[in-house]
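> Once you've had a glance at the structure underneath, I'll fire off some questions.
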2 protein chains.
Amino acid sequence: MLRTHTCGELRKEDCGSDVILCGWIQRIRDLGGMTFIDIRDRYGITQLTFSVELNKELYHKAKSLGREYVIKANGTVVERSNKNPHIPTGDIEIIVHSLELLNSSENVPFTIDDDTDGGEELRMKYRYLDIRRNIVRQNLILRHHMASETRNFLHQLDFIEVETPVLIKSTPEGARDFLVPSRMNAGQFYALPQSPQTFKQLLMIGGLDRYFQLVKCFRDEDFRADRQPEFTQIDCEMSFVDKNDIFEVFEGLLSQLFIKLKGFKPDNFIKMSYYEAMKYYGTDKPDTRLGMKFVELNDLAKGKGFRVFDDAEIVAGIKVVQCADYSRKQIDELTEWVKRPQIGAKGLVYVKINTDGTIKSSVDKFFSEDDLKKWAQAFNAVEGDLLLIMAGEKTATRKALGELRLEMGNRLEIGKQERYECLWIEDFPLLEWDEETKRYYAMHHPFTSPLVEDIPKLDTDPATVRANAYDLVVNGIEIGGGSVRIHDKSLQEKMFEILGMTKEEAYRQFGFLMDAFCYGAPPHGGIALGFDRLVALFSGEDSIRDVIAFPKNNAGRDIMIDSPAPIDQKQLKELHLKLDIKK
Amino acid sequence: MLRTHTCGELRKEDCGSDVILCGWIQRIRDLGGMTFIDIRDRYGITQLTFSVELNKELYHKAKSLGREYVIKANGTVVERSNKNPHIPTGDIEIIVHSLELLNSSENVPFTIDDDTDGGEELRMKYRYLDIRRNIVRQNLILRHHMASETRNFLHQLDFIEVETPVLIKSTPEGARDFLVPSRMNAGQFYALPQSPQTFKQLLMIGGLDRYFQLVKCFRDEDFRADRQPEFTQIDCEMSFVDKNDIFEVFEGLLSQLFIKLKGFKPDNFIKMSYYEAMKYYGTDKPDTRLGMKFVELNDLAKGKGFRVFDDAEIVAGIKVVQCADYSRKQIDELTEWVKRPQIGAKGLVYVKINTDGTIKSSVDKFFSEDDLKKWAQAFNAVEGDLLLIMAGEKTATRKALGELRLEMGNRLEIGKQERYECLWIEDFPLLEWDEETKRYYAMHHPFTSPLVEDIPKLDTDPATVRANAYDLVVNGIEIGGGSVRIHDKSLQEKMFEILGMTKEEAYRQFGFLMDAFCYGAPPHGGIALGFDRLVALFSGEDSIRDVIAFPKNNAGRDIMIDSPAPIDQKQLKELHLKLDIKK
């Protein structure tokens with residue numbers, strides 16, 4: 001190595017040693033006759049000193065350098081008179097004997113500090129400079145540690161990491177594939193995997209028993225905020241299991257990650273059915289830290305002559321603790337907020353349980369104080385609490401109330417607490433009806449098994465069939481999902497039929513899997529966790545871009561390397577393709 | 001879990017326990033009144049017994065099952081009277097109380113045995129059945145363990161695994177890229193990486209100091225034997241290093257892998273220059289286990305009137321130990337072998353140092369016994385040895401002699417010994433001249449640094465400039481290669497210029513890297529090992545296909561899933577493409 005030590009490791013005990021450090025210049029201070037250089041590498045920062053008295057030439061050389069220059073400094077470790085308690089090397093400094101300039105630097109386009117002056121666009125264009133910032137580097141190191149702990153944990157449990165192929169076949173069912181034209185097979189294409197789903201099932205049929213992989217997956221979607229065209233999954237599959245075995249392994253994994261990287265165990269994992277989640281939180285990924293479970297008031301609120309409630313399929317609300325002092329203006333603002341097209345509610349009813357014992361509501365005209373007290377009881381509300389109530393069609397009302405609940409959580413800053421509540425949402429519907437295409441879609445994917453007791457309803461009432469599927473939700477973020485799979489050929493055929501595929505289509509796309517079911521397929525199930533999202537959760541970042549080394553922007557572009565880009569005509573020709581673009 | 005134990009873990013100590021096993025039926029034997037079923041899973045095989053006396057119904061049920069059926073058996077562990085010392089569970093068997101058929105199986109297309117009757121094509125089509133075979137499963141498990149040990153080793157040394165992007169930009173320099181059309185950017189394409197080369201250099205510029213990744217790479221080549229369009233590398237980069245630091249880390253890694261997975265340390269790593277390798281072995285990846293280092297005879301063999309030698313640029317040979325008893329027929333056969341167009345030699349001269357002290361040669365007419373004795377001395381040959389000698393143009397002769405050396409190694413079965421000799425080949429030429437395109441190509445890649453002392457020759461004599469590049473060769477197999485990189489912008493510009501790129505082209509393709517060199521790029525270098533080949537070396541397999549879960553065939557097809565395949569017209573249209581195929 002060009003160095004004897006890193007810039008983060010020298011301590012008081014090293015005083016007197018001759019050392020060589022390499023790194024970047026973080027800062028140069030000249031105090032007239034003395035120059036101090038903070039030299040930085042991945043491991044820390046160390047102070048170098050140059051004195052005009054000791055070595056005039058070296059002093060002037062040091063003064064002439066600039067920020068982000070790369071240097072190699074040879075010197076002696078001495079104790080600092082003016083110690084810096086904020087950094088681990090703050091007790092010492094290096095009196096430099098010789099100095100080599102390894103590379104110079106132009107002025108960097110933004111400051112290499114936690115609190116940089118660079119905007120996102122600029123930081124992405126010069127991502128290699130952004131990575132020099134402590135905060136970004138720490139995210140990448142955290143990601144490495146999480147991957148490492150994940151692998152070791154699963155390895156201990158006899159899981160085998162198997163690499164599944166990246167060049168596979170396009171399956172129009174599901175999201176849109178990225179495609180790769182084949183040069184050697186004119187007119188044919190590979191596809192990049194959206195997940196290794198069928199391959200991991202084949203590994204179970206192959207008897208591997210326990211498989212995992214940290215694996216890149218690809219989805220050609222219209223990028224919404226915080227989606228990336230390529231993303232990483234902790235992908236997993238087990239044989240001879242029911243869902244509780246999978247829960248156990250992944251509760252163990254998450255607990256291990258929390259303990260190793262956060263220093264504490266998360267609370268117990270709660271299990272909640274999809275039905276309950278929708279009924280009590282209006283979403284299939286509730287942030288239970290927020291409280292504010294829905295209370296339905298149909299019995300208490302209907303039939304009192306208030307038309308909005310009387311005509312509604314459902315009347316339901318949330319209790320916002322100790323917010324009865326919300327002003328008229330604040331309530332009006334909330335009402336406007338829920339009426340925005342994104343939320344789509346018709347209005348908002350409030351009930352204030354005032355601290356003086358009175359009750360004030362926007363529907364005083366229709367309901368007596370006694371009526372409202374009964375509502376308050378239904379909510380277990382006490383003096384000072386605020387009730388926010390909506391009414392209308394069931395699904396829409398729950399959804400809107402769920403949004404309002406999240407908004408109140410934000411306003412009360414409950415979501416900012418570093419507390420983690422982990423949920424399993426289970427018993428999802430197997431199918432979703434799509435009005436536009438007039439067909440069912442698989443809510444998870446076509447390989448998900450129905451609950452055994454619901455199988456008879458596949459023929460009679462498919463919409464009510466529940467899947468043996470589950471999501472893992474932490475703090476309102478969907479971290480992953482999985483299911484027990486179909487391992488029976490005829491059930492898989494029926495599933496494809498329900499999804500509107502002809503037998504031919506099904507076999508053209510998934511014949512290899514249905515063939516495999518004929519040769520002793522074991523019961524199996526699995527899960528995939530979104531690794532980017534999991535790292536973002538642990539690092540406290542809002543966006544997965546902040547935990548990816550070289551992310552793409554919302555238009556799917558890598559603005560650093562300027563990709564995608566046009567290719568040569570020769571390359572197109574080799575791939576047997578022509579562009580089809582209207583000028 | 002549906003089971004209490006795996007099929008590999010029950011021992012004599014478990015006798016008396018009630019257990020549940022799940023697995024595949026390997027074999028059913030009916031001995032009239034007693035039926036034995038061998039049940040198999042990833043972990044082993046256990047014998048189940050059914051007796052007509054104990055349970056008639058169950059006995060008949062067991063008899064009715066078939067190979068590869070998946071069953072769940074509940075029973076009591078008992079000691080076997082007839083023990084099987086060949087399997088770890090051979091001391092016990094299970095007297096089954098109840099039996100559940102989890103899935104049946106059609107007749108499998110080949111036998112699930114180490115010595116299967118299935119040809120490669122059939123095994124690839126039903127790869128999930130092939131994976132049930134012990135030998136294939138063990139390869140995948142070995143691969144997992146090697147990946148796991150590699151990661152842990154590098155993690156211990158402060159390397160960070162960083163995921164670099166898979167959707168990048170096409171760079172025509174080098175091998176052919178796989179391309180991915182962008183739907184959202186009409187007429188533009190991503191490319192799949194042939195290696196994360198530029199990204200790992202940017203991580204060094206970003207100050208990450210030590211990076212690694214087990215990473216899928218892609219190359220759209222005309223598939224030769226034992227190439228795959230997608231393959232896996234152990235990719236690595238370090239800052240503030242010279243090549244010896246990289247050697248040290250990777251000698252450590254390889255030693256660790258040998259110790260953990262083979263139980264022994266390989267011999268010391270030898271360092272050899274490219275020049276020496278070509279001079280003494282005629283190849284840049286010599287299998288040093290074979291011995292048979294070339295001896296040059298120009299001084300001893302020229303000027304004696306034998307025209308073939310006198311006209312030759314070089315006369316050189318190998319000593320084949322104790323093969324002087326080769327018959328005339330065998331020598332003739334070897335002569336024919338070297339004259340084949342693949343080898344291209346004009347002929348072969350032999351000298352036999354017979355055990356009776358006489359010397360017999362095909363060039364007796366031109367050389368006295370004294371002459372030949374001097375040759376023998378040059379080879380350190382003793383009685384019983386055979387010398388095989390070629391002559392001609394230097395490069396061609398060395399190459400042909402190198403092939404003959406390998407052939408003799410095969411015939412003597414030296415290559416079959418389980419012994420590992422590891423070499424670093426260093427000081428490769430920086431550039432290769434291509435007669436067809438009349439330009440230089442980078443022998444490694446355009447980012448490789450020349451040796452510092454050779455930089456002045458870049459202008460005057462580029463062909464003789466040596467690179468700071470190295471290959472790792474084990475038993476004649478190139479396991480990996482790397483280099484110290486250029487980290488200076490003007491040197492990188494010169495390199496692109498020598499490779500015939502205009503400044504514009506160079507910036508269009510690699511502008512981001514040259515920009516990065518302006519902001520404090522540290523000295524850095526790295527290496528990439530071919531992980532598939534390394535696993536094949538450890539498993540003793542000839543082909544990397546045998547250590548890949550779902551490999552493609554030599555035409556780049558996955559015959560199991562039938563990919564690549566035609567896509568829908570709608571998909572093409574979305575990608576702004578038309579097929580360009582002559583009907």
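Ordering of the structure tokens sets the chain letters (A, B, ...), residue numbers begin anew at 1 in every chain, and ligands are numbered from 1 in the order given.
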Please, which residues of segment 455-578 of chain A, numbered as in this document, come out strand (DSSP E or B) from DSSP, as a PyMOL selection string?
chain A and resi 466-467+469-474+477-485+519+524-530+558+563+565+577-578
> When you look at Asp311 of chain B with a cut-off of 8 Å (counting only C-alpha atoms), what residues show up, excluding the ones that are within fewer than 3 positions of it in the same chain? I need them as an mmCIF file with N, CA, C and O atoms, in the first residue's frame.

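This is the output file part-v7.cif:
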data_model
loop_
_atom_site.group_PDB
_atom_site.id
_atom_site.type_symbol
_atom_site.label_atom_id
_atom_site.label_comp_id
_atom_site.auth_asym_id
_atom_site.auth_seq_id
_atom_site.Cartn_x
_atom_site.Cartn_y
_atom_site.Cartn_z
ATOM 1 N N ARG B 307 19.078 -28.154 -42.962
ATOM 2 C CA ARG B 307 18.459 -26.972 -43.542
ATOM 3 C C ARG B 307 17.283 -26.443 -42.712
ATOM 4 O O ARG B 307 17.141 -25.238 -42.493
ATOM 5 N N VAL B 308 16.453 -27.397 -42.254
ATOM 6 C CA VAL B 308 15.254 -27.001 -41.502
ATOM 7 C C VAL B 308 15.642 -26.173 -40.277
ATOM 8 O O VAL B 308 15.018 -25.163 -39.979
ATOM 9 N N GLY B 392 11.360 -23.158 -36.581
ATOM 10 C CA GLY B 392 10.639 -22.283 -37.520
ATOM 11 C C GLY B 392 10.585 -20.862 -37.001
ATOM 12 O O GLY B 392 11.427 -20.432 -36.212
#
> Using only C-alpha atoms, find the one residue out of B:Arg133, B:Tyr69, B:Arg289, B:Asp30 that sits nearest to Ser104 of chain B.
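Ranking B:Arg133, B:Tyr69, B:Arg289, B:Asp30 by distance to Ser104 of chain B, first place goes to B:Tyr69.
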> So, counting only C-alpha atoms, which residue among A:Leu290, A:Ile567, A:Ala549, A:Ile37 is closest to Val166 of chain B?
A:Ala549
> Each residue of segment 110-185 of chain B lying at most 8 Å from segment 179-196 of chain A should get a row with its shortest atom-to-atom pair and the distance in Å to one decimal, counting only C-alpha atoms; could you produce that, ordered by chain and increasing number, as a Markdown table?

| residue | atom | partner | partner_atom | distance |
| --- | --- | --- | --- | --- |
| B:Phe178 | CA | A:Val180 | CA | 6.9 |
| B:Leu179 | CA | A:Val180 | CA | 5.9 |
| B:Val180 | CA | A:Val180 | CA | 5.0 |
| B:Pro181 | CA | A:Leu179 | CA | 7.0 |
> Can I get the selected residues back with all heavy atoms, as a PDB file, in the first residue's frame?

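Saved the output as again.pdb:
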ATOM      1  N   PHE B 178     -24.763  -6.553 -25.281  1.00  0.00           N
ATOM      2  CA  PHE B 178     -26.207  -6.761 -25.381  1.00  0.00           C
ATOM      3  C   PHE B 178     -26.882  -5.408 -25.185  1.00  0.00           C
ATOM      4  O   PHE B 178     -26.478  -4.632 -24.302  1.00  0.00           O
ATOM      5  CB  PHE B 178     -26.697  -7.724 -24.296  1.00  0.00           C
ATOM      6  CG  PHE B 178     -26.489  -9.160 -24.628  1.00  0.00           C
ATOM      7  CD1 PHE B 178     -25.484  -9.886 -23.990  1.00  0.00           C
ATOM      8  CD2 PHE B 178     -27.288  -9.799 -25.557  1.00  0.00           C
ATOM      9  CE1 PHE B 178     -25.288 -11.223 -24.296  1.00  0.00           C
ATOM     10  CE2 PHE B 178     -27.093 -11.136 -25.868  1.00  0.00           C
ATOM     11  CZ  PHE B 178     -26.091 -11.848 -25.233  1.00  0.00           C
ATOM     12  N   LEU B 179     -27.904  -5.136 -25.967  1.00  0.00           N
ATOM     13  CA  LEU B 179     -28.558  -3.828 -25.918  1.00  0.00           C
ATOM     14  C   LEU B 179     -29.999  -3.958 -25.451  1.00  0.00           C
ATOM     15  O   LEU B 179     -30.650  -4.978 -25.683  1.00  0.00           O
ATOM     16  CB  LEU B 179     -28.514  -3.184 -27.302  1.00  0.00           C
ATOM     17  CG  LEU B 179     -27.094  -2.885 -27.811  1.00  0.00           C
ATOM     18  CD1 LEU B 179     -27.141  -2.407 -29.249  1.00  0.00           C
ATOM     19  CD2 LEU B 179     -26.422  -1.852 -26.930  1.00  0.00           C
ATOM     20  N   VAL B 180     -30.482  -2.906 -24.810  1.00  0.00           N
ATOM     21  CA  VAL B 180     -31.843  -2.894 -24.270  1.00  0.00           C
ATOM     22  C   VAL B 180     -32.526  -1.613 -24.749  1.00  0.00           C
ATOM     23  O   VAL B 180     -32.191  -0.522 -24.296  1.00  0.00           O
ATOM     24  CB  VAL B 180     -31.825  -2.916 -22.727  1.00  0.00           C
ATOM     25  CG1 VAL B 180     -33.244  -2.977 -22.177  1.00  0.00           C
ATOM     26  CG2 VAL B 180     -30.991  -4.080 -22.203  1.00  0.00           C
ATOM     27  N   PRO B 181     -33.471  -1.742 -25.685  1.00  0.00           N
ATOM     28  CA  PRO B 181     -34.141  -0.533 -26.180  1.00  0.00           C
ATOM     29  C   PRO B 181     -34.916   0.167 -25.070  1.00  0.00           C
ATOM     30  O   PRO B 181     -35.524  -0.476 -24.223  1.00  0.00           O
ATOM     31  CB  PRO B 181     -35.095  -1.070 -27.262  1.00  0.00           C
ATOM     32  CG  PRO B 181     -35.129  -2.555 -27.110  1.00  0.00           C
ATOM     33  CD  PRO B 181     -33.912  -2.967 -26.357  1.00  0.00           C
TER      34      PRO B 181
END
> Can you check the Cα RMSD once chain B has been least-squares fitted onto chain A over every paired atom, in order?
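Overlaying the two chains on their C-alpha atoms yields 0.2 Å.
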> Using the chain letters and numbers from this document, which residues of segment 332-502 of chain A does DSSP assign to alpha helix (DSSP H), as a ChimeraX atom specification?
/A:332-339,369-378,394-411,457-460,489-498
> Would you pick out the contacts of segment 421-435 of chain A at 10 Å or less, using only C-alpha atoms, so that residues sharing its chain but fewer than 6 positions from it are not included, and give the list as an NGL selection string?
:A and (243 or 247 or 251 or 254 or 266-277 or 284-289 or 441-446 or 448-451 or 454 or 458 or 462-483 or 495 or 498-499)
> Pick from B:Lys416, B:Lys200, B:Lys63, B:Lys262: nearest to Val535 of chain B, with only C-alpha atoms counted?
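The answer is B:Lys262, which sits nearest to Val535 of chain B.
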> I'd like the contact shell of Cys323 of chain A - 8 Å cut-off, only C-alpha atoms, skipping same-chain residues fewer than 5 positions apart - returned as a list in words.
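Those residues are Gly384, Asp385 and Leu386 of chain A.
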> Between A:Asp542, A:Glu403, A:Asp558, A:Glu453, which has the minimum distance to Asp226 of chain A (counting only C-alpha atoms)?
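Result for the nearest residue to Asp226 of chain A: A:Asp542.
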> Could you state the separation of atom CA of Gly409 of chain B and atom CA of Met292 of chain B in Å, given to one decimal place?
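Computing the Euclidean distance for atom CA of Gly409 of chain B and atom CA of Met292 of chain B yields 8.8 Å.
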> With only C-alpha atoms as the basis for distance, which of B:Leu513, B:Pro172, B:Thr150, B:Tyr43 is at the shortest distance from Arg132 of chain B?
B:Tyr43
> I'd like to know which of A:Val52, A:Ile45, A:Ile527, A:Ala175 is closest to Leu31 of chain A, using only C-alpha atoms.
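With only C-alpha atoms as the atom set, the closest residue is A:Val52.
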> For Ile94 of chain A, list every protein, DNA or RNA residue within 10 Å, evaluated using only C-alpha atoms, and leave out those in the same chain fewer than 3 positions away; present the list as a list in words.
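Using only C-alpha atoms, the neighbours found are Leu10, Cys15, Gly16, Ser17, Asp18, Val19, Ile20, Leu21, Phe36, Ile37, Thr46, Gln47, Leu48, Thr49, Phe50, Ala73, Asn74, Gly75, Thr76, Val77, Val78, Glu79, Arg80 and His97 of chain A.
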> Would you mind exporting the chosen residues as a compact mmCIF listing (two decimals), in the first residue's frame, restricted to N, CA and C atoms?

# COMPACT_ATOMS: atom_id res chain seq x y z
N LEU A 10 -5.26 6.66 13.57
CA LEU A 10 -4.17 7.05 14.49
C LEU A 10 -4.72 7.64 15.78
N CYS A 15 1.70 8.14 19.01
CA CYS A 15 2.63 9.28 19.01
C CYS A 15 4.07 8.79 18.93
N GLY A 16 4.85 9.47 18.10
CA GLY A 16 6.24 9.07 17.91
C GLY A 16 6.43 8.22 16.67
N SER A 17 5.35 7.61 16.17
CA SER A 17 5.51 6.74 15.00
C SER A 17 5.68 7.56 13.73
N ASP A 18 6.44 7.01 12.81
CA ASP A 18 6.52 7.55 11.47
C ASP A 18 5.43 6.89 10.62
N VAL A 19 4.63 7.69 9.96
CA VAL A 19 3.49 7.12 9.21
C VAL A 19 3.43 7.74 7.82
N ILE A 20 2.73 7.03 6.95
CA ILE A 20 2.41 7.59 5.63
C ILE A 20 0.90 7.53 5.46
N LEU A 21 0.28 8.65 5.16
CA LEU A 21 -1.16 8.71 4.91
C LEU A 21 -1.42 9.14 3.46
N PHE A 36 -2.28 24.06 8.27
CA PHE A 36 -2.94 22.81 8.69
C PHE A 36 -3.74 22.28 7.51
N ILE A 37 -3.54 21.01 7.23
CA ILE A 37 -4.33 20.35 6.18
C ILE A 37 -5.11 19.20 6.83
N THR A 46 -7.59 13.24 9.32
CA THR A 46 -6.43 13.46 10.20
C THR A 46 -5.82 14.83 9.87
N GLN A 47 -5.31 15.50 10.90
CA GLN A 47 -4.71 16.82 10.68
C GLN A 47 -3.22 16.69 10.39
N LEU A 48 -2.80 17.32 9.29
CA LEU A 48 -1.38 17.39 8.94
C LEU A 48 -0.90 18.81 9.25
N THR A 49 0.32 18.94 9.75
CA THR A 49 0.82 20.29 10.01
C THR A 49 2.14 20.53 9.28
N PHE A 50 2.29 21.77 8.87
CA PHE A 50 3.48 22.22 8.15
C PHE A 50 3.89 23.54 8.77
N ALA A 73 1.35 11.83 2.37
CA ALA A 73 2.15 12.59 3.33
C ALA A 73 2.86 11.65 4.28
N ASN A 74 4.16 11.90 4.45
CA ASN A 74 5.00 11.10 5.33
C ASN A 74 5.36 11.98 6.52
N GLY A 75 5.12 11.50 7.73
CA GLY A 75 5.43 12.34 8.87
C GLY A 75 5.39 11.59 10.19
N THR A 76 5.51 12.37 11.27
CA THR A 76 5.55 11.79 12.61
C THR A 76 4.28 12.17 13.37
N VAL A 77 3.72 11.17 14.06
CA VAL A 77 2.51 11.41 14.85
C VAL A 77 2.90 12.12 16.14
N VAL A 78 2.24 13.24 16.43
CA VAL A 78 2.48 13.93 17.71
C VAL A 78 1.14 14.27 18.36
N GLU A 79 1.17 14.47 19.65
CA GLU A 79 -0.05 14.84 20.37
C GLU A 79 -0.41 16.28 20.05
N ARG A 80 -1.68 16.54 19.89
CA ARG A 80 -2.10 17.91 19.58
C ARG A 80 -2.22 18.71 20.87
N HIS A 97 7.03 15.36 6.99
CA HIS A 97 8.41 15.47 6.53
C HIS A 97 8.50 15.55 5.02
> So that I can check the surroundings of Gly530 of chain A, please list as a VMD selection string every protein, DNA and RNA residue that reaches within 7 Å of it, counting only C-alpha atoms and ignoring chain neighbours fewer than 3 positions away.
chain A and resid 232 to 234 479 to 480 533 to 534
> Keeping all heavy atoms for every residue in the selection just given, could you write it to a file as a CSV table (one decimal), in the first residue's frame?

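Below you can see again.csv, which holds the result:
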chain,number,residue,atom,x,y,z
A,232,THR,N,-33.3,-4.1,-6.3
A,232,THR,CA,-32.7,-5.3,-5.8
A,232,THR,C,-33.7,-6.0,-4.8
A,232,THR,O,-34.3,-5.3,-4.0
A,232,THR,CB,-31.4,-5.0,-5.1
A,232,THR,OG1,-30.5,-4.4,-6.0
A,232,THR,CG2,-30.7,-6.3,-4.5
A,233,GLN,N,-33.8,-7.3,-4.9
A,233,GLN,CA,-34.7,-8.0,-4.0
A,233,GLN,C,-33.9,-9.0,-3.1
A,233,GLN,O,-32.9,-9.6,-3.6
A,233,GLN,CB,-35.7,-8.8,-4.7
A,233,GLN,CG,-36.8,-8.0,-5.3
A,233,GLN,CD,-37.9,-8.8,-5.9
A,233,GLN,OE1,-37.8,-10.1,-6.0
A,233,GLN,NE2,-39.0,-8.2,-6.3
A,234,ILE,N,-34.3,-9.2,-1.9
A,234,ILE,CA,-33.9,-10.4,-1.1
A,234,ILE,C,-35.0,-11.4,-1.5
A,234,ILE,O,-36.1,-11.3,-1.0
A,234,ILE,CB,-33.9,-10.1,0.4
A,234,ILE,CG1,-33.0,-9.0,0.7
A,234,ILE,CG2,-33.5,-11.4,1.1
A,234,ILE,CD1,-33.0,-8.6,2.2
A,479,ILE,N,-42.5,-3.6,2.7
A,479,ILE,CA,-41.1,-4.0,2.6
A,479,ILE,C,-41.0,-5.3,1.7
A,479,ILE,O,-40.0,-5.5,1.1
A,479,ILE,CB,-40.5,-4.4,4.0
A,479,ILE,CG1,-40.4,-3.1,4.8
A,479,ILE,CG2,-39.2,-5.1,4.0
A,479,ILE,CD1,-39.4,-2.1,4.2
A,480,GLY,N,-42.0,-6.0,1.6
A,480,GLY,CA,-42.0,-7.2,0.8
A,480,GLY,C,-43.3,-8.0,0.8
A,480,GLY,O,-44.2,-7.6,1.5
A,533,ARG,N,-35.6,-0.5,-0.5
A,533,ARG,CA,-36.5,0.1,0.4
A,533,ARG,C,-36.2,-0.2,1.9
A,533,ARG,O,-36.3,0.6,2.7
A,533,ARG,CB,-38.0,-0.3,0.1
A,533,ARG,CG,-39.0,0.7,0.3
A,533,ARG,CD,-40.3,0.4,-0.4
A,533,ARG,NE,-40.2,0.6,-1.8
A,533,ARG,CZ,-40.3,1.8,-2.4
A,533,ARG,NH1,-40.5,2.8,-1.7
A,533,ARG,NH2,-40.2,1.9,-3.7
A,534,LEU,N,-35.7,-1.4,2.1
A,534,LEU,CA,-35.3,-1.8,3.4
A,534,LEU,C,-34.1,-1.0,3.9
A,534,LEU,O,-34.1,-0.6,5.0
A,534,LEU,CB,-35.0,-3.3,3.4
A,534,LEU,CG,-34.8,-4.0,4.7
A,534,LEU,CD1,-36.1,-4.0,5.6
A,534,LEU,CD2,-34.3,-5.5,4.6
